[in-house]
$ cat target.txt   # compact mmCIF, N, CA and C atoms
# COMPACT_ATOMS: atom_id res chain seq x y z
N MET A 14 20.63 -48.89 58.31
CA MET A 14 20.70 -50.10 57.52
C MET A 14 20.90 -51.27 58.48
N THR A 15 20.10 -52.32 58.31
CA THR A 15 20.21 -53.48 59.18
C THR A 15 21.20 -54.47 58.59
N ALA A 16 21.84 -55.18 59.49
CA ALA A 16 22.82 -56.18 59.06
C ALA A 16 22.09 -57.38 58.49
N LEU A 17 22.70 -57.98 57.49
CA LEU A 17 22.14 -59.19 56.88
C LEU A 17 22.42 -60.40 57.76
N SER A 18 21.50 -61.34 57.75
CA SER A 18 21.78 -62.63 58.38
C SER A 18 22.70 -63.41 57.45
N THR A 19 23.27 -64.49 57.97
CA THR A 19 24.13 -65.34 57.14
C THR A 19 23.35 -65.84 55.92
N ALA A 20 22.14 -66.33 56.14
CA ALA A 20 21.33 -66.87 55.03
C ALA A 20 21.02 -65.79 54.00
N GLU A 21 20.70 -64.57 54.46
CA GLU A 21 20.41 -63.48 53.52
C GLU A 21 21.65 -63.10 52.72
N ALA A 22 22.80 -63.04 53.38
CA ALA A 22 24.04 -62.69 52.69
C ALA A 22 24.42 -63.75 51.66
N LEU A 23 24.26 -65.02 52.03
CA LEU A 23 24.57 -66.09 51.09
C LEU A 23 23.54 -66.14 49.96
N GLY A 24 22.30 -65.81 50.27
CA GLY A 24 21.28 -65.73 49.23
C GLY A 24 21.59 -64.62 48.22
N ALA A 25 22.07 -63.47 48.72
CA ALA A 25 22.46 -62.38 47.82
C ALA A 25 23.66 -62.79 46.96
N ALA A 26 24.61 -63.51 47.57
CA ALA A 26 25.76 -64.01 46.80
C ALA A 26 25.29 -65.00 45.73
N LEU A 27 24.30 -65.82 46.06
CA LEU A 27 23.77 -66.77 45.09
C LEU A 27 23.13 -66.03 43.91
N THR A 28 22.39 -64.98 44.19
CA THR A 28 21.78 -64.18 43.12
C THR A 28 22.87 -63.58 42.23
N ALA A 29 23.97 -63.15 42.83
CA ALA A 29 25.10 -62.62 42.04
C ALA A 29 25.71 -63.71 41.18
N GLU A 30 25.78 -64.93 41.69
CA GLU A 30 26.31 -66.05 40.90
C GLU A 30 25.41 -66.33 39.70
N TYR A 31 24.08 -66.29 39.91
CA TYR A 31 23.15 -66.48 38.80
C TYR A 31 23.43 -65.46 37.69
N ALA A 32 23.55 -64.19 38.09
CA ALA A 32 23.77 -63.12 37.12
C ALA A 32 25.11 -63.28 36.40
N ALA A 33 26.13 -63.71 37.12
CA ALA A 33 27.45 -63.92 36.51
C ALA A 33 27.38 -65.02 35.45
N ILE A 34 26.71 -66.10 35.77
CA ILE A 34 26.58 -67.21 34.81
C ILE A 34 25.87 -66.71 33.55
N TYR A 35 24.80 -65.95 33.73
CA TYR A 35 24.06 -65.41 32.59
C TYR A 35 24.98 -64.54 31.72
N ALA A 36 25.76 -63.68 32.35
CA ALA A 36 26.61 -62.74 31.61
C ALA A 36 27.69 -63.44 30.79
N TYR A 37 28.14 -64.59 31.25
CA TYR A 37 29.20 -65.27 30.50
C TYR A 37 28.71 -65.81 29.16
N GLY A 38 27.41 -65.90 28.93
CA GLY A 38 26.90 -66.27 27.61
C GLY A 38 27.29 -65.25 26.55
N PRO A 39 26.86 -63.99 26.71
CA PRO A 39 27.26 -62.96 25.75
C PRO A 39 28.77 -62.70 25.72
N ILE A 40 29.43 -62.90 26.83
CA ILE A 40 30.88 -62.71 26.85
C ILE A 40 31.53 -63.76 25.95
N GLY A 41 31.18 -65.00 26.15
CA GLY A 41 31.82 -66.10 25.44
C GLY A 41 31.65 -66.04 23.93
N ILE A 42 30.50 -65.57 23.46
CA ILE A 42 30.29 -65.57 22.01
C ILE A 42 31.13 -64.50 21.31
N ARG A 43 31.65 -63.54 22.05
CA ARG A 43 32.47 -62.47 21.45
C ARG A 43 33.97 -62.75 21.58
N LEU A 44 34.32 -63.88 22.18
CA LEU A 44 35.73 -64.21 22.38
C LEU A 44 36.09 -65.44 21.56
N SER A 45 37.38 -65.65 21.39
CA SER A 45 37.84 -66.84 20.67
C SER A 45 39.15 -67.32 21.26
N GLY A 46 39.53 -68.52 20.89
CA GLY A 46 40.82 -69.07 21.29
C GLY A 46 40.95 -69.26 22.80
N ALA A 47 42.16 -68.97 23.29
CA ALA A 47 42.47 -69.18 24.71
C ALA A 47 41.60 -68.33 25.62
N VAL A 48 41.26 -67.13 25.20
CA VAL A 48 40.44 -66.25 26.03
C VAL A 48 39.02 -66.81 26.17
N ARG A 49 38.51 -67.44 25.13
CA ARG A 49 37.19 -68.08 25.23
C ARG A 49 37.26 -69.25 26.22
N THR A 50 38.36 -69.98 26.21
CA THR A 50 38.55 -71.07 27.16
C THR A 50 38.54 -70.54 28.59
N VAL A 51 39.19 -69.41 28.81
CA VAL A 51 39.19 -68.79 30.14
C VAL A 51 37.76 -68.38 30.54
N ALA A 52 37.00 -67.88 29.59
CA ALA A 52 35.61 -67.50 29.87
C ALA A 52 34.80 -68.73 30.28
N ARG A 53 35.01 -69.85 29.59
CA ARG A 53 34.31 -71.09 29.96
C ARG A 53 34.69 -71.54 31.36
N GLN A 54 35.98 -71.45 31.67
CA GLN A 54 36.44 -71.83 33.00
C GLN A 54 35.85 -70.91 34.07
N SER A 55 35.77 -69.64 33.75
CA SER A 55 35.19 -68.67 34.70
C SER A 55 33.72 -68.98 34.94
N GLU A 56 32.98 -69.23 33.87
CA GLU A 56 31.57 -69.59 34.01
C GLU A 56 31.43 -70.86 34.85
N SER A 57 32.28 -71.83 34.62
CA SER A 57 32.24 -73.08 35.38
C SER A 57 32.48 -72.83 36.87
N ALA A 58 33.39 -71.93 37.18
CA ALA A 58 33.65 -71.60 38.59
C ALA A 58 32.40 -71.00 39.24
N HIS A 59 31.73 -70.12 38.51
CA HIS A 59 30.49 -69.54 39.05
C HIS A 59 29.41 -70.61 39.19
N ARG A 60 29.35 -71.53 38.26
CA ARG A 60 28.36 -72.62 38.36
C ARG A 60 28.63 -73.51 39.58
N ARG A 61 29.90 -73.80 39.83
CA ARG A 61 30.23 -74.62 41.00
C ARG A 61 29.83 -73.91 42.29
N ARG A 62 30.10 -72.61 42.37
CA ARG A 62 29.72 -71.86 43.58
C ARG A 62 28.20 -71.79 43.69
N ARG A 63 27.53 -71.59 42.58
CA ARG A 63 26.06 -71.57 42.61
C ARG A 63 25.52 -72.88 43.14
N ASP A 64 26.00 -73.98 42.58
CA ASP A 64 25.51 -75.29 42.99
C ASP A 64 25.77 -75.55 44.48
N ALA A 65 26.95 -75.18 44.94
CA ALA A 65 27.28 -75.38 46.35
C ALA A 65 26.37 -74.53 47.25
N LEU A 66 26.08 -73.30 46.83
CA LEU A 66 25.21 -72.44 47.63
C LEU A 66 23.78 -72.96 47.66
N VAL A 67 23.29 -73.46 46.54
CA VAL A 67 21.92 -74.02 46.51
C VAL A 67 21.81 -75.17 47.50
N VAL A 68 22.79 -76.07 47.47
CA VAL A 68 22.78 -77.21 48.41
C VAL A 68 22.90 -76.70 49.84
N GLN A 69 23.83 -75.79 50.08
CA GLN A 69 24.04 -75.28 51.43
C GLN A 69 22.78 -74.61 51.98
N LEU A 70 22.18 -73.72 51.23
CA LEU A 70 20.99 -73.03 51.71
C LEU A 70 19.82 -73.99 51.87
N SER A 71 19.71 -74.95 50.98
CA SER A 71 18.62 -75.94 51.06
C SER A 71 18.73 -76.82 52.29
N THR A 72 19.94 -77.20 52.64
CA THR A 72 20.12 -78.11 53.76
C THR A 72 20.19 -77.43 55.11
N THR A 73 20.39 -76.11 55.11
CA THR A 73 20.46 -75.39 56.40
C THR A 73 19.18 -74.61 56.70
N GLY A 74 18.16 -74.80 55.86
CA GLY A 74 16.89 -74.12 56.11
C GLY A 74 16.81 -72.72 55.57
N GLY A 75 17.81 -72.30 54.83
CA GLY A 75 17.78 -70.97 54.23
C GLY A 75 16.88 -70.93 53.00
N THR A 76 16.55 -69.75 52.58
CA THR A 76 15.74 -69.57 51.38
C THR A 76 16.66 -69.52 50.17
N VAL A 77 16.35 -70.34 49.18
CA VAL A 77 17.10 -70.32 47.93
C VAL A 77 16.39 -69.35 46.99
N PRO A 78 17.01 -68.20 46.71
CA PRO A 78 16.35 -67.27 45.80
C PRO A 78 16.24 -67.89 44.41
N PRO A 79 15.16 -67.58 43.70
CA PRO A 79 15.00 -68.15 42.37
C PRO A 79 15.93 -67.49 41.36
N ASP A 80 16.32 -68.25 40.37
CA ASP A 80 17.08 -67.71 39.25
C ASP A 80 16.08 -67.01 38.33
N GLN A 81 16.52 -65.98 37.66
CA GLN A 81 15.68 -65.25 36.72
C GLN A 81 15.91 -65.80 35.31
N ALA A 82 14.97 -65.55 34.43
CA ALA A 82 15.12 -65.98 33.04
C ALA A 82 16.21 -65.20 32.33
N GLY A 83 16.46 -63.99 32.77
CA GLY A 83 17.49 -63.15 32.16
C GLY A 83 17.88 -62.04 33.11
N TYR A 84 19.00 -61.41 32.83
CA TYR A 84 19.51 -60.33 33.65
C TYR A 84 19.92 -59.18 32.74
N ALA A 85 19.72 -57.96 33.20
CA ALA A 85 20.12 -56.79 32.41
C ALA A 85 21.64 -56.65 32.46
N LEU A 86 22.22 -56.51 31.30
CA LEU A 86 23.67 -56.26 31.22
C LEU A 86 23.88 -54.75 31.32
N PRO A 87 25.00 -54.31 31.89
CA PRO A 87 25.23 -52.88 32.08
C PRO A 87 25.50 -52.12 30.78
N PHE A 88 25.85 -52.84 29.74
CA PHE A 88 26.10 -52.22 28.43
C PHE A 88 26.06 -53.32 27.37
N PRO A 89 25.85 -52.94 26.12
CA PRO A 89 25.81 -53.96 25.05
C PRO A 89 27.18 -54.63 24.87
N VAL A 90 27.14 -55.90 24.59
CA VAL A 90 28.37 -56.65 24.32
C VAL A 90 28.39 -56.90 22.82
N THR A 91 29.21 -56.12 22.12
CA THR A 91 29.20 -56.14 20.66
C THR A 91 30.50 -56.61 20.03
N ASP A 92 31.55 -56.70 20.84
CA ASP A 92 32.85 -57.08 20.30
C ASP A 92 33.74 -57.61 21.42
N ARG A 93 34.97 -57.96 21.07
CA ARG A 93 35.91 -58.51 22.06
C ARG A 93 36.15 -57.55 23.21
N ALA A 94 36.36 -56.28 22.89
CA ALA A 94 36.67 -55.29 23.93
C ALA A 94 35.52 -55.16 24.93
N SER A 95 34.29 -55.09 24.45
CA SER A 95 33.16 -54.96 25.38
C SER A 95 32.94 -56.26 26.16
N ALA A 96 33.23 -57.40 25.55
CA ALA A 96 33.13 -58.68 26.26
C ALA A 96 34.13 -58.73 27.41
N LEU A 97 35.35 -58.29 27.15
CA LEU A 97 36.37 -58.29 28.21
C LEU A 97 36.01 -57.30 29.32
N ARG A 98 35.49 -56.14 28.95
CA ARG A 98 35.07 -55.16 29.97
C ARG A 98 33.96 -55.74 30.84
N LEU A 99 33.02 -56.46 30.20
CA LEU A 99 31.93 -57.07 30.97
C LEU A 99 32.47 -58.16 31.88
N ALA A 100 33.43 -58.93 31.42
CA ALA A 100 34.02 -59.98 32.27
C ALA A 100 34.63 -59.36 33.53
N VAL A 101 35.32 -58.23 33.37
CA VAL A 101 35.88 -57.53 34.54
C VAL A 101 34.74 -57.11 35.47
N GLU A 102 33.72 -56.51 34.91
CA GLU A 102 32.61 -56.02 35.74
C GLU A 102 31.88 -57.16 36.45
N VAL A 103 31.68 -58.26 35.75
CA VAL A 103 31.02 -59.43 36.36
C VAL A 103 31.79 -59.88 37.59
N GLU A 104 33.09 -60.02 37.45
CA GLU A 104 33.90 -60.49 38.57
C GLU A 104 33.90 -59.48 39.71
N GLU A 105 33.97 -58.19 39.38
CA GLU A 105 33.95 -57.16 40.42
C GLU A 105 32.62 -57.13 41.16
N ARG A 106 31.53 -57.24 40.43
CA ARG A 106 30.19 -57.21 41.06
C ARG A 106 29.97 -58.44 41.94
N THR A 107 30.40 -59.59 41.44
CA THR A 107 30.23 -60.80 42.24
C THR A 107 31.10 -60.74 43.48
N ALA A 108 32.31 -60.23 43.33
CA ALA A 108 33.20 -60.06 44.48
C ALA A 108 32.56 -59.14 45.52
N ALA A 109 31.86 -58.11 45.08
CA ALA A 109 31.21 -57.18 46.02
C ALA A 109 30.16 -57.89 46.87
N HIS A 110 29.43 -58.82 46.29
CA HIS A 110 28.44 -59.56 47.07
C HIS A 110 29.11 -60.48 48.09
N TRP A 111 30.19 -61.09 47.69
CA TRP A 111 30.91 -61.95 48.64
C TRP A 111 31.59 -61.11 49.72
N ARG A 112 32.06 -59.92 49.35
CA ARG A 112 32.65 -59.02 50.36
C ARG A 112 31.59 -58.65 51.41
N ALA A 113 30.39 -58.37 50.95
CA ALA A 113 29.30 -58.05 51.88
C ALA A 113 28.97 -59.24 52.78
N ALA A 114 29.12 -60.44 52.24
CA ALA A 114 28.84 -61.65 53.04
C ALA A 114 29.85 -61.83 54.17
N LEU A 115 31.03 -61.26 54.03
CA LEU A 115 32.04 -61.39 55.09
C LEU A 115 31.52 -60.86 56.43
N ALA A 116 30.81 -59.74 56.38
CA ALA A 116 30.32 -59.12 57.62
C ALA A 116 29.22 -59.93 58.29
N ALA A 117 28.54 -60.78 57.52
CA ALA A 117 27.39 -61.52 58.06
C ALA A 117 27.71 -62.97 58.38
N THR A 118 28.95 -63.37 58.19
CA THR A 118 29.28 -64.78 58.34
C THR A 118 30.39 -64.99 59.36
N THR A 119 30.48 -66.22 59.82
CA THR A 119 31.55 -66.62 60.73
C THR A 119 32.00 -68.02 60.34
N GLY A 120 33.10 -68.45 60.89
CA GLY A 120 33.57 -69.83 60.71
C GLY A 120 33.72 -70.22 59.25
N ALA A 121 33.19 -71.40 58.93
CA ALA A 121 33.32 -71.95 57.58
C ALA A 121 32.61 -71.08 56.54
N ASP A 122 31.50 -70.45 56.92
CA ASP A 122 30.80 -69.56 55.97
C ASP A 122 31.66 -68.35 55.63
N ARG A 123 32.35 -67.84 56.63
CA ARG A 123 33.24 -66.69 56.39
C ARG A 123 34.42 -67.12 55.52
N ASP A 124 34.96 -68.29 55.77
CA ASP A 124 36.05 -68.80 54.92
C ASP A 124 35.57 -68.93 53.48
N GLN A 125 34.36 -69.43 53.31
CA GLN A 125 33.76 -69.57 51.98
C GLN A 125 33.65 -68.21 51.29
N ALA A 126 33.18 -67.21 52.01
CA ALA A 126 33.03 -65.87 51.45
C ALA A 126 34.39 -65.27 51.08
N LEU A 127 35.37 -65.46 51.95
CA LEU A 127 36.71 -64.93 51.67
C LEU A 127 37.33 -65.63 50.47
N ASP A 128 37.17 -66.94 50.37
CA ASP A 128 37.70 -67.68 49.21
C ASP A 128 37.08 -67.16 47.92
N ALA A 129 35.78 -66.93 47.93
CA ALA A 129 35.10 -66.42 46.72
C ALA A 129 35.59 -65.02 46.39
N LEU A 130 35.67 -64.15 47.40
CA LEU A 130 36.14 -62.79 47.17
C LEU A 130 37.53 -62.79 46.54
N LEU A 131 38.43 -63.59 47.10
CA LEU A 131 39.80 -63.65 46.56
C LEU A 131 39.81 -64.22 45.15
N ASP A 132 39.05 -65.28 44.92
CA ASP A 132 39.00 -65.90 43.60
C ASP A 132 38.54 -64.89 42.55
N TYR A 133 37.48 -64.15 42.85
CA TYR A 133 36.94 -63.22 41.87
C TYR A 133 37.81 -61.98 41.72
N ALA A 134 38.50 -61.57 42.76
CA ALA A 134 39.44 -60.46 42.64
C ALA A 134 40.60 -60.83 41.72
N VAL A 135 41.11 -62.04 41.88
CA VAL A 135 42.20 -62.50 41.00
C VAL A 135 41.68 -62.63 39.57
N ARG A 136 40.51 -63.18 39.41
CA ARG A 136 39.95 -63.33 38.06
C ARG A 136 39.73 -61.97 37.40
N ALA A 137 39.24 -60.98 38.14
CA ALA A 137 39.05 -59.63 37.58
C ALA A 137 40.39 -59.06 37.13
N THR A 138 41.45 -59.31 37.90
CA THR A 138 42.78 -58.83 37.51
C THR A 138 43.22 -59.48 36.21
N ARG A 139 42.98 -60.76 36.09
CA ARG A 139 43.34 -61.46 34.83
C ARG A 139 42.56 -60.91 33.66
N TRP A 140 41.27 -60.63 33.85
CA TRP A 140 40.48 -60.06 32.76
C TRP A 140 40.95 -58.65 32.42
N ARG A 141 41.32 -57.86 33.43
CA ARG A 141 41.86 -56.53 33.15
C ARG A 141 43.12 -56.63 32.29
N ARG A 142 43.98 -57.58 32.63
CA ARG A 142 45.20 -57.77 31.85
C ARG A 142 44.86 -58.16 30.42
N ALA A 143 43.92 -59.09 30.23
CA ALA A 143 43.52 -59.51 28.88
C ALA A 143 42.93 -58.35 28.08
N ALA A 144 42.24 -57.44 28.77
CA ALA A 144 41.61 -56.30 28.12
C ALA A 144 42.58 -55.13 27.92
N GLY A 145 43.75 -55.21 28.54
CA GLY A 145 44.70 -54.10 28.46
C GLY A 145 44.30 -52.92 29.30
N LEU A 146 43.53 -53.17 30.36
CA LEU A 146 43.08 -52.09 31.24
C LEU A 146 44.09 -51.85 32.36
N THR A 147 44.18 -50.61 32.78
CA THR A 147 45.01 -50.26 33.93
C THR A 147 44.18 -49.41 34.87
N PRO A 148 44.44 -49.49 36.13
CA PRO A 148 45.41 -50.38 36.77
C PRO A 148 44.90 -51.82 36.73
N LEU A 149 45.82 -52.74 36.84
CA LEU A 149 45.46 -54.16 36.81
C LEU A 149 44.74 -54.60 38.07
N THR A 150 45.06 -53.98 39.18
CA THR A 150 44.45 -54.36 40.46
C THR A 150 43.75 -53.17 41.08
N VAL A 151 42.91 -53.47 42.05
CA VAL A 151 42.24 -52.43 42.81
C VAL A 151 42.63 -52.60 44.27
N PRO A 152 42.70 -51.50 45.03
CA PRO A 152 43.18 -51.62 46.42
C PRO A 152 42.30 -52.47 47.32
N PHE A 153 40.98 -52.40 47.15
CA PHE A 153 40.06 -53.13 48.01
C PHE A 153 39.05 -53.87 47.15
N PRO A 154 39.36 -55.10 46.72
CA PRO A 154 38.45 -55.83 45.83
C PRO A 154 37.05 -55.97 46.45
N GLY A 155 36.06 -55.78 45.59
CA GLY A 155 34.69 -55.92 46.03
C GLY A 155 34.12 -54.70 46.73
N ARG A 156 34.93 -53.69 46.93
CA ARG A 156 34.48 -52.47 47.60
C ARG A 156 33.91 -51.52 46.55
N PRO A 157 32.75 -50.94 46.83
CA PRO A 157 32.18 -49.98 45.86
C PRO A 157 33.15 -48.83 45.61
N THR A 158 33.20 -48.41 44.35
CA THR A 158 34.11 -47.30 44.01
C THR A 158 33.47 -45.96 44.18
$ encode --input "target.txt" --output "structure tokens"
Amino acid sequence: MTALSTAEALGAALTAEYAAIYAYGPIGIRLSGAVRTVARQSESAHRRRRDALVVQLSTTGGTVPPDQAGYALPFPVTDRASALRLAVEVEERTAAHWRAALAATTGADRDQALDALLDYAVRATRWRRAAGLTPLTVPFPGRPT
């Protein structure tokens, strides 16, 4: 397996951000009250990272991967419980892409990847708590299980 370049790793993280934003649509419609507000805030965080990555890749000569019209969800979102499970999975999957970017980045890019990994690991823990899932944390966020 060949190592990713910084631009490739950030492009993969951008694709993960696109998918996360898409997933928060079905998540949000199955939630209400304070938890729906948290879902909106989570989607906004992914949008901010997406926007920053598009600008970064555009200005540094990297390739900006295109967004897709839709993304396959890992399971149907039919109620609050499945929406919360998907929120956990979205954060874990996005964290995995940022974790992979750590190996391909240095300096400010590496700081950016670490900030994203930590942010999504904390968010996944909060979603696990909202869903009543245990354990609340995982030993190595973003690491394949």
$ closest_residue --input "target.txt" --among "A:Val48, A:Leu27, A:Ala32, A:Pro87" --to "His110 of chain A" --atoms "all atoms listed in the file"
A:Leu27
$ select_by_dssp --input "target.txt" --residues "segment 17-149 of chain A" --states "helix (DSSP H, G or I)" --output "ChimeraX atom specification"
/A:19-42,46-72,93-117,120-144
$ residues_near_point --input "target.txt" --point "(40.4, -64.6, 31.5)" --cutoff "8 Å" --atoms "all atoms listed in the file" --output "list of chain:residue names"
A:Ala47, A:Val48, A:Arg49, A:Thr50, A:Val51, A:Ala52, A:Arg53, A:Ser55, A:Ala100, A:Arg136, A:Ala137, A:Thr138, A:Arg139, A:Trp140, A:Arg141, A:Arg142, A:Ala143, A:Ala144
$ closest_residue --input "target.txt" --among "A:Ala117, A:Asp132, A:Asp64, A:Val77" --to "Glu104 of chain A" --atoms "only N, CA and C atoms"
A:Asp132
$ residues_around --input "target.txt" --residues "Tyr31 of chain A" --least-positions-apart "3" --cutoff "8 Å" --atoms "all atoms listed in the file" --output "ChimeraX atom specification"
/A:25-28,34-36,59-60,62-63,79-81,83-84
$ atom_distance --input "target.txt" --atom1 "atom CA of Asp124 of chain A" --atom2 "atom C of Ala109 of chain A"
14.8 Å
